[in-house]
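Participant: Supplied structure: protein10.cif, mmCIF, C-alpha atoms.
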```cif
data_structure
loop_
_atom_site.label_atom_id
_atom_site.label_comp_id
_atom_site.auth_asym_id
_atom_site.auth_seq_id
_atom_site.Cartn_x
_atom_site.Cartn_y
_atom_site.Cartn_z
CA MET I 15 10.01 13.97 16.52
CA TYR I 16 12.22 12.88 13.61
CA ILE I 17 10.45 11.24 10.65
CA VAL I 18 11.92 9.84 7.44
CA PHE I 19 9.99 9.00 4.26
CA ARG I 20 11.25 6.47 1.69
CA THR I 21 9.30 6.96 -1.52
CA ASP I 22 9.86 7.64 -5.22
CA ALA I 23 8.33 9.26 -8.26
CA SER I 24 9.26 8.44 -11.85
CA LEU I 25 7.88 8.08 -15.35
CA GLN I 26 7.04 4.46 -14.47
CA ILE I 27 5.85 4.96 -10.91
CA GLY I 28 3.99 8.22 -11.43
CA THR I 29 3.72 11.00 -8.87
CA GLY I 30 1.02 9.78 -6.47
CA HIS I 31 3.25 8.12 -3.85
CA VAL I 32 5.41 11.20 -3.34
CA MET I 33 2.46 13.57 -3.36
CA ARG I 34 0.57 11.74 -0.62
CA CYS I 35 3.74 11.46 1.46
CA LEU I 36 4.27 15.20 1.06
CA THR I 37 0.76 15.79 2.35
CA LEU I 38 1.43 13.69 5.42
CA ALA I 39 4.80 15.38 5.92
CA ASP I 40 3.12 18.80 5.87
CA ALA I 41 0.66 17.68 8.56
CA LEU I 42 3.44 16.19 10.68
CA GLN I 43 5.58 19.31 10.32
CA GLU I 44 2.62 21.40 11.47
CA ALA I 45 2.49 19.14 14.54
CA GLY I 46 6.15 19.92 15.28
CA ALA I 47 7.91 17.00 13.58
CA GLN I 48 11.10 17.24 11.55
CA CYS I 49 10.65 15.34 8.28
CA HIS I 50 13.03 14.41 5.51
CA PHE I 51 12.83 12.23 2.41
CA ILE I 52 14.97 9.54 0.82
CA CYS I 53 14.35 9.34 -2.95
CA ARG I 54 16.11 7.78 -5.90
CA GLU I 55 17.02 9.99 -8.85
CA HIS I 56 14.68 8.37 -11.37
CA PRO I 57 13.73 10.12 -14.62
CA GLY I 58 10.60 12.07 -13.77
CA ASN I 59 11.43 12.35 -10.05
CA LEU I 60 9.93 15.07 -7.81
CA ILE I 61 13.05 15.76 -5.75
CA GLU I 62 13.08 19.48 -6.51
CA LEU I 63 9.40 19.80 -5.63
CA ILE I 64 10.02 18.15 -2.25
CA ARG I 65 12.83 20.63 -1.61
CA GLN I 66 10.62 23.53 -2.66
CA ARG I 67 8.12 22.37 -0.06
CA GLY I 68 10.84 22.85 2.56
CA PHE I 69 12.02 19.28 3.19
CA LEU I 70 15.52 17.85 3.09
CA VAL I 71 15.97 15.13 0.45
CA ILE I 72 18.68 12.46 0.54
CA VAL I 73 19.16 11.55 -3.13
CA LEU I 74 20.02 7.96 -4.01
CA PRO I 75 21.84 7.35 -7.31
CA LEU I 76 20.18 5.49 -10.16
CA THR I 77 22.18 2.27 -10.61
CA VAL I 78 19.94 0.48 -13.12
CA GLU I 79 18.90 1.90 -16.50
CA SER I 80 15.29 3.00 -15.93
CA VAL I 81 14.68 5.54 -18.67
CA VAL I 82 11.17 5.13 -20.07
CA THR I 83 10.41 6.47 -23.52
CA PRO I 84 6.95 7.72 -24.57
CA ASP I 85 6.30 4.72 -26.81
CA GLN I 86 6.55 2.28 -23.90
CA ARG I 87 3.06 1.48 -22.64
CA VAL I 88 2.19 0.77 -19.02
CA GLU I 89 2.07 -2.97 -18.43
CA THR I 90 -1.08 -4.49 -16.97
CA GLN I 91 1.11 -6.61 -14.69
CA PRO I 92 3.90 -4.23 -13.61
CA ASN I 93 7.21 -5.60 -12.42
CA TYR I 94 7.30 -3.50 -9.29
CA ALA I 95 10.83 -4.62 -8.38
CA ALA I 96 12.11 -2.86 -11.50
CA TRP I 97 10.65 0.41 -10.20
CA LEU I 98 13.30 0.60 -7.47
CA GLY I 99 16.23 1.41 -9.75
CA THR I 100 18.49 -1.07 -7.93
CA ASP I 101 18.09 -4.28 -5.91
CA TRP I 102 16.28 -4.09 -2.56
CA ASN I 103 19.38 -5.01 -0.55
CA THR I 104 21.42 -2.16 -2.04
CA ASP I 105 18.52 0.19 -1.48
CA SER I 106 18.28 -0.84 2.16
CA GLU I 107 21.97 -0.16 2.78
CA GLN I 108 21.73 3.24 1.10
CA ALA I 109 18.56 4.08 3.04
CA LYS I 110 20.30 3.25 6.33
CA VAL I 111 22.94 5.83 5.53
CA GLY I 112 20.23 8.26 4.49
CA VAL I 113 18.47 8.02 7.85
CA GLY I 114 21.68 9.22 9.52
CA ASP I 115 23.16 8.72 12.96
CA THR I 116 19.92 9.50 14.82
CA ALA I 117 17.26 6.81 14.80
CA ALA I 118 14.03 7.96 13.18
CA ASP I 119 10.98 8.01 15.44
CA TRP I 120 9.01 6.87 12.39
CA LEU I 121 10.27 5.51 9.08
CA ILE I 122 7.41 5.78 6.58
CA VAL I 123 7.67 3.57 3.47
CA ASP I 124 5.49 4.13 0.41
CA HIS I 125 6.89 1.97 -2.39
CA TYR I 126 5.45 -1.05 -4.22
CA ALA I 127 8.98 -2.42 -4.78
CA LEU I 128 9.75 -2.76 -1.04
CA ASP I 129 8.58 -5.44 1.37
CA ILE I 130 9.41 -7.25 4.61
CA ARG I 131 13.02 -7.94 3.62
CA TRP I 132 13.84 -4.25 3.23
CA GLU I 133 11.84 -3.30 6.30
CA GLN I 134 13.64 -5.79 8.53
CA MET I 135 16.99 -4.40 7.36
CA LEU I 136 15.90 -0.87 8.36
CA ARG I 137 14.53 -1.79 11.80
CA PRO I 138 17.80 -0.90 13.61
CA VAL I 139 17.63 2.74 12.42
CA CYS I 140 14.03 3.52 13.41
CA ARG I 141 11.85 3.24 16.49
CA HIS I 142 8.66 2.63 14.54
CA MET I 143 7.85 1.78 10.95
CA MET I 144 4.77 2.70 8.92
CA VAL I 145 3.89 1.30 5.50
CA ILE I 146 1.52 2.96 3.02
CA ASP I 147 0.17 0.36 0.62
CA ASP I 148 -2.66 -0.23 -1.85
CA LEU I 149 -2.04 -3.78 -3.02
CA ALA I 150 -2.34 -6.18 -0.04
CA ASN I 151 -0.09 -8.60 -1.89
CA ARG I 152 3.14 -8.96 0.13
CA ALA I 153 4.46 -9.32 3.67
CA HIS I 154 5.51 -6.32 5.79
CA ASP I 155 7.33 -5.84 9.08
CA CYS I 156 5.72 -2.65 10.37
CA ASP I 157 3.94 -1.17 13.37
CA LEU I 158 1.31 0.72 11.39
CA LEU I 159 -0.07 0.09 7.90
CA LEU I 160 -2.30 2.45 5.96
CA ASP I 161 -4.40 1.49 2.95
CA GLN I 162 -6.66 4.42 2.12
CA ASN I 163 -8.72 2.59 -0.50
CA LEU I 164 -12.48 2.20 -0.51
CA GLY I 165 -13.56 -1.42 -0.10
CA ARG I 166 -10.40 -2.50 1.66
CA ASP I 167 -10.80 -4.52 4.87
CA VAL I 168 -8.38 -4.93 7.77
CA CYS I 169 -8.56 -8.69 7.19
CA ASP I 170 -6.98 -8.22 3.75
CA TYR I 171 -3.66 -7.65 5.53
CA GLY I 172 -4.06 -10.31 8.22
CA GLN I 173 -1.54 -12.68 6.64
CA PHE I 174 0.88 -9.90 5.64
CA VAL I 175 1.62 -8.00 8.89
CA PRO I 176 2.59 -8.89 12.47
CA LYS I 177 -0.27 -9.35 14.94
CA SER I 178 0.94 -6.28 16.81
CA CYS I 179 0.56 -4.08 13.71
CA THR I 180 -2.25 -1.54 13.60
CA VAL I 181 -3.97 -1.57 10.20
CA LEU I 182 -5.92 1.53 9.15
CA VAL I 183 -8.06 1.19 6.02
CA GLY I 184 -10.50 3.32 4.07
CA PRO I 185 -10.82 6.78 2.52
CA GLN I 186 -11.45 8.39 5.92
CA TYR I 187 -7.65 8.17 6.16
CA ALA I 188 -6.99 9.44 2.61
CA LEU I 189 -3.97 11.74 2.57
CA LEU I 190 -5.38 14.90 0.99
CA ARG I 191 -3.97 18.39 1.13
CA PRO I 192 -5.95 20.68 3.48
CA GLU I 193 -7.30 22.85 0.64
CA PHE I 194 -9.65 20.03 -0.38
CA ALA I 195 -11.38 19.91 3.00
CA ALA I 196 -11.37 23.72 3.05
CA LEU I 197 -13.28 23.88 -0.27
CA ARG I 198 -15.57 20.94 0.45
CA GLU I 199 -18.57 22.91 1.72
CA GLU I 200 -18.42 25.43 -1.13
CA SER I 201 -18.05 22.69 -3.74
CA LEU I 202 -20.99 20.67 -2.38
CA ARG I 203 -23.18 23.75 -2.19
CA ARG I 204 -22.46 24.49 -5.85
CA ARG I 205 -23.56 20.97 -6.82
CA ALA I 206 -27.00 21.39 -5.27
CA THR I 207 -27.99 22.52 -8.77
CA PRO I 208 -26.31 19.97 -11.08
CA GLN I 209 -24.83 21.13 -14.38
CA PHE I 210 -23.14 19.43 -17.30
CA LYS I 211 -20.95 22.17 -18.72
CA HIS I 212 -17.40 21.82 -17.40
CA LEU I 213 -15.43 18.59 -17.87
CA LEU I 214 -12.11 18.01 -16.10
CA ILE I 215 -9.67 15.45 -17.52
CA THR I 216 -6.86 14.38 -15.21
CA MET I 217 -5.28 10.99 -15.88
CA GLY I 218 -2.30 11.28 -13.54
CA GLY I 219 0.78 13.45 -13.28
CA VAL I 220 2.75 11.40 -15.83
CA ASP I 221 0.09 9.52 -17.87
CA GLN I 222 2.64 7.20 -19.43
CA ALA I 223 -0.10 5.36 -21.37
CA ASP I 224 -1.40 8.54 -23.08
CA ALA I 225 -4.87 8.00 -21.65
CA THR I 226 -5.49 11.74 -21.92
CA GLY I 227 -4.87 11.67 -25.65
CA LYS I 228 -7.21 8.71 -26.11
CA VAL I 229 -9.93 10.50 -24.13
CA LEU I 230 -9.61 13.63 -26.27
CA GLU I 231 -9.81 11.55 -29.44
CA ALA I 232 -12.99 9.90 -28.14
CA LEU I 233 -14.51 13.29 -27.30
CA GLN I 234 -14.14 14.37 -30.93
CA GLU I 235 -16.92 11.89 -31.74
CA CYS I 236 -19.20 12.85 -28.83
CA LYS I 237 -22.24 15.08 -29.07
CA LEU I 238 -21.81 17.52 -26.20
CA PRO I 239 -23.78 20.61 -25.11
CA VAL I 240 -23.12 23.84 -27.03
CA ASP I 241 -21.77 25.66 -23.96
CA PHE I 242 -19.54 22.74 -22.92
CA TYR I 243 -15.86 23.38 -22.11
CA ILE I 244 -12.96 21.19 -21.02
CA THR I 245 -9.96 21.56 -18.71
CA VAL I 246 -7.05 19.12 -19.01
CA VAL I 247 -4.47 18.86 -16.21
CA MET I 248 -1.08 17.19 -16.74
CA GLY I 249 2.33 17.09 -15.06
CA ARG I 250 5.42 18.67 -16.57
CA HIS I 251 7.04 15.23 -16.97
CA ALA I 252 4.11 13.85 -18.99
CA PRO I 253 5.72 12.37 -22.12
CA TRP I 254 2.61 12.93 -24.28
CA LEU I 255 2.05 16.56 -23.33
CA ALA I 256 2.77 18.00 -26.80
CA ARG I 257 0.41 15.50 -28.46
CA VAL I 258 -2.34 16.36 -25.98
CA GLN I 259 -1.89 20.07 -26.65
CA THR I 260 -2.25 19.41 -30.39
CA LEU I 261 -5.38 17.27 -29.92
CA ALA I 262 -6.93 19.92 -27.68
CA LYS I 263 -6.93 22.39 -30.56
CA ARG I 264 -8.93 20.00 -32.76
CA LEU I 265 -11.96 19.72 -30.52
CA PRO I 266 -14.96 21.93 -31.30
CA GLN I 267 -15.32 22.74 -27.60
CA PRO I 268 -12.92 25.13 -25.83
CA VAL I 269 -10.10 23.13 -24.22
CA VAL I 270 -7.51 24.51 -21.79
CA VAL I 271 -4.44 22.36 -21.02
CA LYS I 272 -2.93 23.22 -17.65
CA VAL I 273 0.50 21.96 -16.60
CA ASN I 274 1.81 21.49 -13.04
CA ILE I 275 -0.97 23.44 -11.39
CA SER I 276 -0.97 24.21 -7.66
CA ASN I 277 -4.71 24.85 -7.33
CA MET I 278 -6.18 21.45 -8.18
CA ALA I 279 -8.81 21.76 -5.45
CA GLN I 280 -10.16 24.94 -7.01
CA VAL I 281 -10.16 23.40 -10.49
CA MET I 282 -12.05 20.35 -9.24
CA ALA I 283 -14.53 22.45 -7.28
CA ALA I 284 -15.32 24.40 -10.46
CA SER I 285 -15.86 21.24 -12.55
CA ASP I 286 -19.13 19.36 -13.09
CA LEU I 287 -17.67 15.99 -14.09
CA ALA I 288 -14.19 14.48 -14.14
CA ILE I 289 -12.58 11.85 -16.31
CA GLY I 290 -9.72 10.58 -14.20
CA ALA I 291 -7.46 7.76 -13.18
CA ALA I 292 -8.05 5.38 -10.28
CA GLY I 293 -5.37 6.79 -8.03
CA SER I 294 -5.06 9.23 -5.14
CA THR I 295 -6.98 11.89 -7.05
CA SER I 296 -10.06 9.68 -6.67
CA TRP I 297 -10.27 10.74 -3.01
CA GLU I 298 -9.73 14.39 -3.90
CA ARG I 299 -12.68 14.24 -6.27
CA CYS I 300 -14.84 12.49 -3.69
CA CYS I 301 -14.04 15.03 -0.98
CA LEU I 302 -15.39 17.76 -3.27
CA GLY I 303 -18.37 15.72 -4.45
CA LEU I 304 -17.08 15.67 -8.01
CA PRO I 305 -18.63 12.79 -10.02
CA SER I 306 -16.09 10.77 -11.95
CA MET I 307 -15.65 8.54 -14.94
CA ILE I 308 -12.64 6.41 -14.11
CA GLY I 309 -10.40 5.05 -16.82
CA VAL I 310 -8.82 1.72 -15.89
CA LEU I 311 -5.27 1.48 -17.21
CA ALA I 312 -3.83 -1.47 -15.27
CA ASP I 313 -4.91 -4.42 -13.15
CA ASN I 314 -3.90 -2.72 -9.90
CA GLN I 315 -6.50 0.02 -10.58
CA ILE I 316 -9.49 -2.31 -10.91
CA PHE I 317 -10.04 -2.60 -7.14
CA ILE I 318 -10.40 1.16 -6.57
CA ALA I 319 -12.42 1.74 -9.74
CA ASP I 320 -14.89 -1.05 -8.97
CA ALA I 321 -15.31 0.06 -5.35
CA LEU I 322 -16.12 3.63 -6.41
CA GLN I 323 -18.57 2.41 -9.03
CA GLN I 324 -20.31 0.17 -6.49
CA ALA I 325 -20.54 3.15 -4.12
CA GLY I 326 -22.27 5.14 -6.86
CA ALA I 327 -19.54 7.78 -6.92
CA ALA I 328 -18.13 6.93 -10.35
CA LYS I 329 -18.58 5.02 -13.56
CA THR I 330 -15.72 3.01 -15.03
CA PHE I 331 -14.39 2.36 -18.51
CA VAL I 332 -11.35 0.61 -19.94
CA VAL I 333 -8.81 2.85 -21.66
CA ASN I 334 -8.31 1.42 -25.16
CA GLU I 335 -8.29 2.55 -28.76
CA GLU I 336 -12.07 2.33 -29.25
CA MET I 337 -13.31 4.02 -26.03
CA THR I 338 -16.90 3.06 -26.90
CA THR I 339 -17.86 2.75 -23.23
CA LEU I 340 -16.67 6.28 -22.47
CA ARG I 341 -18.66 7.76 -25.33
CA ALA I 342 -21.80 5.87 -24.26
CA LEU I 343 -21.44 7.01 -20.63
CA LEU I 344 -21.03 10.65 -21.64
CA ALA I 345 -24.16 10.46 -23.77
CA GLU I 346 -26.13 9.00 -20.85
CA LEU I 347 -25.00 11.72 -18.44
CA ALA I 348 -25.75 14.47 -20.96
CA ASP I 349 -29.35 13.21 -21.08
CA ASP I 350 -29.72 12.74 -17.30
CA PRO I 351 -28.39 15.58 -15.08
CA GLY I 352 -30.11 13.86 -12.15
CA GLU I 353 -27.57 11.04 -12.35
CA ILE I 354 -24.77 13.58 -11.97
CA ALA I 355 -26.42 14.84 -8.78
CA ARG I 356 -26.78 11.28 -7.43
CA MET I 357 -23.14 10.51 -8.18
CA SER I 358 -22.07 13.72 -6.47
CA THR I 359 -23.90 12.81 -3.26
CA CYS I 360 -22.39 9.33 -3.26
CA ALA I 361 -18.90 10.71 -3.89
CA ALA I 362 -19.17 13.20 -1.02
CA ASN I 363 -20.06 10.34 1.34
CA VAL I 364 -16.77 8.56 0.63
CA THR I 365 -14.39 10.93 2.49
CA ASP I 366 -14.35 14.26 4.28
CA GLY I 367 -10.75 15.03 3.33
CA VAL I 368 -9.11 15.25 6.77
CA GLY I 369 -7.34 11.88 6.74
CA ALA I 370 -3.86 13.43 6.91
CA LYS I 371 -4.71 15.03 10.27
CA ARG I 372 -6.00 11.69 11.55
CA ILE I 373 -2.83 9.85 10.55
CA SER I 374 -0.55 12.62 11.83
CA ALA I 375 -2.29 12.58 15.21
CA THR I 376 -1.95 8.79 15.37
CA LEU I 377 1.81 8.93 14.72
CA VAL I 378 2.38 11.73 17.23
CA ASN I 379 0.30 10.07 19.94
CA ARG I 380 2.05 6.73 19.42
CA SER I 381 5.45 8.36 19.87
CA LEU I 382 4.37 10.32 22.94
CA ALA I 383 2.83 7.24 24.55
CA LEU I 384 6.04 5.30 24.23
CA GLN I 385 8.13 8.16 25.56
CA ALA I 386 5.93 8.51 28.67
#
```
Would you encode the structure as structure tokens?
Facilitator:
Amino acid sequence: MYIVFRTDASLQIGTGHVMRCLTLADALQEAGAQCHFICREHPGNLIELIRQRGFLVIVLPLTVESVVTPDQRVETQPNYAAWLGTDWNTDSEQAKVGVGDTAADWLIVDHYALDIRWEQMLRPVCRHMMVIDDLANRAHDCDLLLDQNLGRDVCDYGQFVPKSCTVLVGPQYALLRPEFAALREESLRRRATPQFKHLLITMGGVDQADATGKVLEALQECKLPVDFYITVVMGRHAPWLARVQTLAKRLPQPVVVKVNISNMAQVMAASDLAIGAAGSTSWERCCLGLPSMIGVLADNQIFIADALQQAGAAKTFVVNEEMTTLRALLAELADDPGEIARMSTCAANVTDGVGAKRISATLVNRSLALQA
């Protein structure tokens, strides 16, 4: 089975789309599929990482100036079309070439800048098309659509996909690396006795808005337990990394800043509370029963953040200069360890972490059924 992924990472886009596609590619490869990627050479891309994971990458040239400097803040209403690095028609022609002479059994698209127009152009070079989406805001021409977000309903895509399309929604399909499910039991057992000693801060692989820095500044004014310590995780392309490292030294609590780690599941399992972004790492935290305080950075994050808060798995705050909500929430949790335990139980109920296997099996079975 031949499978092609069209996805990107960049300073604007972040790393989440590529990382979840890599997880699915690993599961498909384990099932015997041959996978390769088509990615544009944006600043902050993960092309080398994909290659290191053993996958072929067809690199598309950057034809529009897309360099983002650290002083450019993330917009609350992103212009997703600008994230493509060219126009959709050019991208579709380049992607056709990237697929090659053999039609892909599945073409998997994970990109907010692509929609039905691009997908219809690529139909001749694939047998089936899958879209991974979070927004439910545009039309698609696909056979399978995945939205792994809590609170999403199949009906949300009714007007956006063909009637023949299978829509899979919810965190039971979350694309998590297998180490999260492997550590789930150990992590949940540890949380049977709740603690409030180890805080994990992970605001995304790029953190273009410097949310991590704002969180650290807010923590300087928080009264925390004497034996409290903090772990910060960032990506190597994070533009504010040096500032975060400087801020970390100013806190009275011990702070370790880790860059480009490969053992995130272990770090999460060893943490008592996380301050994080409302992206794919939300499902990683839930799998391990890690309670979260979710910082909302943009409008497209409100849906996930609110759903997790309503489920009791997280508490939300807006990332701004004051951060008064964050400080108040930390004070409440410091005084009520029982709330941490309740949040942990609710988080663990969100997902079991084996969504990638479920999706992989679906793709393989679909292909086999049509070949029979």
Participant: Tell me which of I:Leu158, I:Leu25, I:Leu60, I:Ile17 sits closest to I:Pro176, counting all atoms listed in the file.
Facilitator: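 Closest residue, counting all atoms listed in the file: I:Leu158.
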Participant: Which residues are close to stretch 328-334 of chain I, i.e. within 7 Å by only C-alpha atoms, leaving aside same-chain residues fewer than 2 positions away? Reply as a short mmCIF file (atom, residue, chain, number, x, y, z; two decimals) with C-alpha atoms, in the frame of the given file.
Facilitator:
```cif
data_model
loop_
_atom_site.label_atom_id
_atom_site.label_comp_id
_atom_site.auth_asym_id
_atom_site.auth_seq_id
_atom_site.Cartn_x
_atom_site.Cartn_y
_atom_site.Cartn_z
CA ALA I 225 -4.87 8.00 -21.65
CA PRO I 305 -18.63 12.79 -10.02
CA SER I 306 -16.09 10.77 -11.95
CA MET I 307 -15.65 8.54 -14.94
CA ILE I 308 -12.64 6.41 -14.11
CA GLY I 309 -10.40 5.05 -16.82
CA VAL I 310 -8.82 1.72 -15.89
CA LEU I 311 -5.27 1.48 -17.21
CA ALA I 319 -12.42 1.74 -9.74
CA LEU I 322 -16.12 3.63 -6.41
CA GLN I 323 -18.57 2.41 -9.03
CA GLY I 326 -22.27 5.14 -6.86
CA GLU I 336 -12.07 2.33 -29.25
CA MET I 337 -13.31 4.02 -26.03
CA THR I 339 -17.86 2.75 -23.23
CA LEU I 340 -16.67 6.28 -22.47
CA MET I 357 -23.14 10.51 -8.18
#
```
Participant: Which value, in Å to one decimal, gives the distance between atom CA of I:Glu335 and atom CA of I:Gly227?
Facilitator: 10.2 Å
Participant: Could you expand the PyMOL selection byres ((chain I and resi 224) around 10) into the explicit residues it covers here, written as a list in words?
Facilitator: Pro84, Asp85, Arg87, Val88, Met217, Gly218, Val220, Asp221, Gln222, Ala223, Ala225, Thr226, Gly227, Lys228, Val229, Ala252, Pro253, Trp254, Leu255, Arg257, Val258, Leu311 and Val333 of chain I
Participant: Give me the residues near stretch 131-147 of chain I as a list in words, where near means some atom within 7 Å (using all atoms listed in the file) and where sequence neighbours in that chain fewer than 5 positions away do not count.
Facilitator: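 In the requested format, the answer is Trp102, Asn103, Ser106, Lys110, Ala117, Ala118, Asp119, Trp120, Leu121, Ile122, Val123, Asp124, Asp155, Cys156, Asp157, Leu158, Leu159, Leu160 and Asp161 of chain I.
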Participant: Please write the residues picked by the PyMOL selection byres ((chain I and resi 23) around 8) on this file as a ChimeraX atom specification.
Facilitator: /I:21-22,24-32,56,58-60
Participant: For I:Arg250, list every protein, DNA or RNA residue within 7 Å, evaluated using all atoms listed in the file, and leave out those in the same chain fewer than 2 positions away; present the list as a PDB file with C-alpha atoms, keeping the file's coordinate frame.
Facilitator:
```pdb
ATOM      1  CA  MET I 248      -1.080  17.190 -16.740  1.00  0.00           C
ATOM      2  CA  ALA I 252       4.110  13.850 -18.990  1.00  0.00           C
ATOM      3  CA  VAL I 273       0.500  21.960 -16.600  1.00  0.00           C
ATOM      4  CA  ASN I 274       1.810  21.490 -13.040  1.00  0.00           C
TER       5      ASN I 274
END
```
